[in-house]
>>> print(open('query.pdb').read())   # PDB, C-alpha atoms, pLDDT in the B column
ATOM      1  CA  MET J   1      72.633  25.369  79.200  1.00 41.00           C
ATOM      2  CA  GLU J   2      69.740  26.503  81.404  1.00 50.00           C
ATOM      3  CA  LYS J   3      69.447  30.170  82.266  1.00 57.00           C
ATOM      4  CA  HIS J   4      69.142  30.944  85.955  1.00 60.00           C
ATOM      5  CA  PHE J   5      66.798  33.667  87.096  1.00 60.00           C
ATOM      6  CA  ASN J   6      66.199  35.256  90.456  1.00 67.00           C
ATOM      7  CA  SER J   7      63.190  37.203  91.627  1.00 70.00           C
ATOM      8  CA  THR J   8      62.673  39.397  94.650  1.00 74.00           C
ATOM      9  CA  ILE J   9      58.890  39.450  94.085  1.00 78.00           C
ATOM     10  CA  PRO J  10      56.989  37.514  96.785  1.00 81.00           C
ATOM     11  CA  GLU J  11      55.203  34.315  95.706  1.00 84.00           C
ATOM     12  CA  ILE J  12      56.913  34.183  92.317  1.00 84.00           C
ATOM     13  CA  THR J  13      58.240  30.702  91.676  1.00 85.00           C
ATOM     14  CA  HIS J  14      61.231  29.829  89.507  1.00 82.00           C
ATOM     15  CA  GLU J  15      58.861  28.223  87.012  1.00 87.00           C
ATOM     16  CA  MET J  16      56.932  31.509  86.622  1.00 87.00           C
ATOM     17  CA  LEU J  17      60.070  33.223  85.338  1.00 82.00           C
ATOM     18  CA  ASN J  18      59.913  31.216  82.120  1.00 86.00           C
ATOM     19  CA  PRO J  19      57.531  31.964  79.231  1.00 88.00           C
ATOM     20  CA  GLU J  20      56.536  28.288  78.930  1.00 91.00           C
ATOM     21  CA  PHE J  21      54.738  28.512  82.296  1.00 92.00           C
ATOM     22  CA  TRP J  22      52.472  31.304  81.068  1.00 90.00           C
ATOM     23  CA  ILE J  23      51.892  29.647  77.692  1.00 90.00           C
ATOM     24  CA  ARG J  24      50.810  26.407  79.431  1.00 91.00           C
ATOM     25  CA  HIS J  25      48.427  28.311  81.715  1.00 91.00           C
ATOM     26  CA  SER J  26      46.905  30.540  79.051  1.00 90.00           C
ATOM     27  CA  GLU J  27      43.521  29.707  77.565  1.00 86.00           C
ATOM     28  CA  THR J  28      44.293  31.771  74.472  1.00 83.00           C
ATOM     29  CA  SER J  29      47.902  30.838  73.690  1.00 82.00           C
ATOM     30  CA  SER J  30      46.966  28.711  70.667  1.00 83.00           C
ATOM     31  CA  ARG J  31      44.469  31.025  68.996  1.00 84.00           C
ATOM     32  CA  ILE J  32      45.007  34.064  66.830  1.00 83.00           C
ATOM     33  CA  ILE J  33      43.954  37.204  68.701  1.00 78.00           C
ATOM     34  CA  GLY J  34      44.442  39.737  65.913  1.00 82.00           C
ATOM     35  CA  CYS J  35      45.612  40.131  62.354  1.00 88.00           C
ATOM     36  CA  TYR J  36      48.811  42.001  61.509  1.00 89.00           C
ATOM     37  CA  ASP J  37      46.990  45.310  60.864  1.00 92.00           C
ATOM     38  CA  LYS J  38      45.127  45.210  64.199  1.00 91.00           C
ATOM     39  CA  ILE J  39      48.307  44.351  66.114  1.00 89.00           C
ATOM     40  CA  GLU J  40      50.240  47.121  64.355  1.00 89.00           C
ATOM     41  CA  SER J  41      47.467  49.623  65.112  1.00 92.00           C
ATOM     42  CA  PHE J  42      47.364  48.555  68.775  1.00 89.00           C
ATOM     43  CA  ASN J  43      51.162  48.844  69.069  1.00 86.00           C
ATOM     44  CA  ASN J  44      51.185  52.285  67.432  1.00 88.00           C
ATOM     45  CA  LYS J  45      48.481  53.547  69.829  1.00 90.00           C
ATOM     46  CA  SER J  46      50.391  52.108  72.800  1.00 87.00           C
ATOM     47  CA  ILE J  47      53.656  53.702  71.664  1.00 85.00           C
ATOM     48  CA  SER J  48      52.060  57.102  71.028  1.00 87.00           C
ATOM     49  CA  SER J  49      50.441  57.068  74.486  1.00 87.00           C
ATOM     50  CA  ASN J  50      53.785  56.034  76.093  1.00 77.00           C
ATOM     51  CA  HIS J  51      52.412  52.735  77.416  1.00 75.00           C
ATOM     52  CA  ILE J  52      55.210  50.899  75.628  1.00 77.00           C
ATOM     53  CA  LYS J  53      58.428  51.925  73.931  1.00 76.00           C
ATOM     54  CA  ASP J  54      59.374  51.212  70.344  1.00 77.00           C
ATOM     55  CA  ILE J  55      62.420  48.947  70.657  1.00 74.00           C
ATOM     56  CA  PHE J  56      63.631  50.066  67.233  1.00 78.00           C
ATOM     57  CA  ASP J  57      63.717  53.668  68.420  1.00 78.00           C
ATOM     58  CA  PHE J  58      66.468  52.981  70.966  1.00 74.00           C
ATOM     59  CA  LYS J  59      70.125  53.772  70.490  1.00 69.00           C
ATOM     60  CA  ILE J  60      72.281  50.917  69.225  1.00 74.00           C
ATOM     61  CA  GLN J  61      75.019  51.386  71.818  1.00 83.00           C
ATOM     62  CA  TYR J  62      74.994  52.587  75.390  1.00 83.00           C
ATOM     63  CA  ALA J  63      77.794  53.587  77.710  1.00 90.00           C
ATOM     64  CA  LYS J  64      78.271  51.335  80.747  1.00 92.00           C
ATOM     65  CA  ASN J  65      76.913  53.951  83.144  1.00 93.00           C
ATOM     66  CA  GLU J  66      73.773  54.361  80.970  1.00 89.00           C
ATOM     67  CA  VAL J  67      73.089  50.617  81.107  1.00 85.00           C
ATOM     68  CA  VAL J  68      73.675  50.491  84.868  1.00 88.00           C
ATOM     69  CA  ASP J  69      71.358  53.483  85.384  1.00 88.00           C
ATOM     70  CA  LEU J  70      68.631  51.891  83.232  1.00 82.00           C
ATOM     71  CA  ILE J  71      68.841  48.588  85.117  1.00 84.00           C
ATOM     72  CA  LEU J  72      68.865  50.232  88.531  1.00 85.00           C
ATOM     73  CA  SER J  73      65.891  52.398  87.599  1.00 84.00           C
ATOM     74  CA  ILE J  74      63.668  49.293  87.349  1.00 81.00           C
ATOM     75  CA  SER J  75      65.269  46.702  89.608  1.00 79.00           C
ATOM     76  CA  VAL J  76      66.893  46.220  92.969  1.00 74.00           C
ATOM     77  CA  PRO J  77      70.171  44.298  93.254  1.00 72.00           C
ATOM     78  CA  ILE J  78      69.950  41.075  95.242  1.00 72.00           C
ATOM     79  CA  LYS J  79      71.725  41.471  98.569  1.00 71.00           C
ATOM     80  CA  LYS J  80      72.157  37.744  99.302  1.00 64.00           C
ATOM     81  CA  LYS J  81      75.422  36.125  98.357  1.00 62.00           C
ATOM     82  CA  CYS J  82      75.351  32.894  96.398  1.00 57.00           C
ATOM     83  CA  ILE J  83      76.234  29.767  98.326  1.00 57.00           C
ATOM     84  CA  GLU J  84      78.177  27.199  96.381  1.00 56.00           C
ATOM     85  CA  MET J  85      76.536  23.780  96.558  1.00 54.00           C
ATOM     86  CA  VAL J  86      78.893  20.847  97.009  1.00 49.00           C
TER      87      VAL J  86
END
>>> encode(input="query.pdb", output="structure tokens")
Amino acid sequence: MEKHFNSTIPEITHEMLNPEFWIRHSETSSRIIGCYDKIESFNNKSISSNHIKDIFDFKIQYAKNEVVDLILSISVPIKKKCIEMV
């Protein structure tokens, strides 16, 4: 079953919402860009400088209102209603 995505970002195509698009258009997708130690060091520096969050540092469960607040803090609900295609 195909996942359906929507984007409110101008000039973003449906194809761009799938990782395969970016892999196909990357010149470096098939080469190794760093060994495990270098990647771990980069991630640790990024986490300590708050550029990224450690996904293993998150709570296991969230209340509904926490999830809604997190989603709404980074996205805008789509206002258009879906039209059923016949």
>>> atom_distance(input="query.pdb", atom1="CA of Lys38 in chain J", atom2="CA of His25 in chain J")
24.6 Å
>>> atom_distance(input="query.pdb", atom1="CA of Leu17 in chain J", atom2="CA of Arg31 in chain J")
22.7 Å
>>> atom_distance(input="query.pdb", atom1="CA of Glu11 in chain J", atom2="CA of Ser75 in chain J")
17.1 Å
>>> decode(input="query.pdb", residues="range 66-82 of chain J", atoms="all heavy atoms", output="short mmCIF file (atom, residue, chain, number, x, y, z; two decimals), in the first residue's frame")
data_model
loop_
_atom_site.label_atom_id
_atom_site.label_comp_id
_atom_site.auth_asym_id
_atom_site.auth_seq_id
_atom_site.Cartn_x
_atom_site.Cartn_y
_atom_site.Cartn_z
N GLU J 66 0.34 16.26 24.12
CA GLU J 66 1.77 16.49 23.87
C GLU J 66 2.12 16.24 22.41
O GLU J 66 2.87 17.00 21.80
CB GLU J 66 2.63 15.59 24.76
CG GLU J 66 2.59 15.92 26.23
CD GLU J 66 3.41 14.95 27.05
OE1 GLU J 66 3.06 13.74 27.06
OE2 GLU J 66 4.39 15.38 27.66
N VAL J 67 1.56 15.17 21.85
CA VAL J 67 1.81 14.84 20.44
C VAL J 67 1.23 15.92 19.54
O VAL J 67 1.89 16.41 18.62
CB VAL J 67 1.22 13.45 20.07
CG1 VAL J 67 1.35 13.18 18.59
CG2 VAL J 67 1.90 12.35 20.88
N VAL J 68 0.00 16.33 19.82
CA VAL J 68 -0.64 17.38 19.02
C VAL J 68 0.19 18.66 19.10
O VAL J 68 0.46 19.31 18.08
CB VAL J 68 -2.09 17.62 19.49
CG1 VAL J 68 -2.67 18.87 18.85
CG2 VAL J 68 -2.96 16.40 19.17
N ASP J 69 0.63 19.05 20.28
CA ASP J 69 1.43 20.26 20.44
C ASP J 69 2.75 20.16 19.68
O ASP J 69 3.18 21.13 19.04
CB ASP J 69 1.72 20.54 21.92
CG ASP J 69 0.49 21.00 22.69
OD1 ASP J 69 -0.52 21.38 22.04
OD2 ASP J 69 0.53 20.97 23.93
N LEU J 70 3.40 19.00 19.71
CA LEU J 70 4.65 18.81 18.98
C LEU J 70 4.43 18.95 17.47
O LEU J 70 5.19 19.62 16.78
CB LEU J 70 5.26 17.44 19.28
CG LEU J 70 5.91 17.26 20.64
CD1 LEU J 70 6.21 15.78 20.90
CD2 LEU J 70 7.19 18.08 20.72
N ILE J 71 3.39 18.31 16.97
CA ILE J 71 3.09 18.38 15.53
C ILE J 71 2.77 19.81 15.12
O ILE J 71 3.30 20.31 14.13
CB ILE J 71 1.93 17.42 15.17
CG1 ILE J 71 2.37 15.97 15.35
CG2 ILE J 71 1.45 17.67 13.74
CD1 ILE J 71 1.26 14.96 15.27
N LEU J 72 1.92 20.46 15.87
CA LEU J 72 1.51 21.82 15.52
C LEU J 72 2.65 22.84 15.66
O LEU J 72 2.63 23.89 15.04
CB LEU J 72 0.31 22.26 16.34
CG LEU J 72 -0.99 21.50 16.04
CD1 LEU J 72 -2.11 21.95 16.98
CD2 LEU J 72 -1.40 21.66 14.59
N SER J 73 3.66 22.49 16.44
CA SER J 73 4.79 23.41 16.60
C SER J 73 5.67 23.45 15.36
O SER J 73 6.44 24.39 15.17
CB SER J 73 5.63 23.04 17.83
OG SER J 73 6.40 21.88 17.58
N ILE J 74 5.56 22.43 14.49
CA ILE J 74 6.41 22.39 13.29
C ILE J 74 5.64 22.30 11.98
O ILE J 74 6.23 22.26 10.91
CB ILE J 74 7.42 21.23 13.35
CG1 ILE J 74 6.70 19.89 13.43
CG2 ILE J 74 8.39 21.41 14.50
CD1 ILE J 74 7.60 18.69 13.21
N SER J 75 4.33 22.23 12.04
CA SER J 75 3.56 22.10 10.80
C SER J 75 2.24 22.86 10.89
O SER J 75 1.79 23.22 11.97
CB SER J 75 3.29 20.63 10.49
OG SER J 75 2.48 20.05 11.47
N VAL J 76 1.67 23.05 9.72
CA VAL J 76 0.39 23.76 9.63
C VAL J 76 -0.63 22.79 9.03
O VAL J 76 -0.37 22.21 7.98
CB VAL J 76 0.51 25.01 8.73
CG1 VAL J 76 -0.82 25.70 8.58
CG2 VAL J 76 1.57 25.95 9.28
N PRO J 77 -1.76 22.61 9.69
CA PRO J 77 -2.78 21.70 9.13
C PRO J 77 -3.25 22.17 7.76
O PRO J 77 -3.35 23.38 7.51
CB PRO J 77 -3.92 21.77 10.14
CG PRO J 77 -3.33 22.31 11.38
CD PRO J 77 -2.18 23.18 10.96
N ILE J 78 -3.51 21.24 6.88
CA ILE J 78 -4.02 21.55 5.55
C ILE J 78 -5.48 21.97 5.69
O ILE J 78 -6.27 21.30 6.34
CB ILE J 78 -3.89 20.33 4.62
CG1 ILE J 78 -2.41 20.01 4.44
CG2 ILE J 78 -4.56 20.58 3.29
CD1 ILE J 78 -2.16 18.74 3.66
N LYS J 79 -5.82 23.06 5.07
CA LYS J 79 -7.19 23.59 5.19
C LYS J 79 -8.12 23.03 4.13
O LYS J 79 -9.32 23.07 4.27
CB LYS J 79 -7.16 25.12 5.07
CG LYS J 79 -6.27 25.77 6.10
CD LYS J 79 -7.05 26.46 7.16
CE LYS J 79 -6.20 27.30 8.06
NZ LYS J 79 -5.77 26.69 9.27
N LYS J 80 -7.57 22.52 3.02
CA LYS J 80 -8.40 21.98 1.94
C LYS J 80 -9.02 20.66 2.37
O LYS J 80 -8.41 19.86 3.05
CB LYS J 80 -7.58 21.73 0.69
CG LYS J 80 -6.98 22.97 0.11
CD LYS J 80 -6.13 22.60 -1.11
CE LYS J 80 -5.40 23.80 -1.65
NZ LYS J 80 -4.51 23.44 -2.75
N LYS J 81 -10.25 20.44 1.93
CA LYS J 81 -10.89 19.16 2.19
C LYS J 81 -10.59 18.22 1.03
O LYS J 81 -10.46 18.66 -0.11
CB LYS J 81 -12.40 19.33 2.35
CG LYS J 81 -12.77 20.10 3.59
CD LYS J 81 -14.25 20.10 3.81
CE LYS J 81 -14.55 20.84 5.10
NZ LYS J 81 -15.90 20.68 5.54
N CYS J 82 -10.47 16.96 1.31
CA CYS J 82 -10.22 15.97 0.27
C CYS J 82 -11.47 15.81 -0.59
O CYS J 82 -12.58 15.80 -0.08
CB CYS J 82 -9.85 14.62 0.86
SG CYS J 82 -8.29 14.65 1.74
#
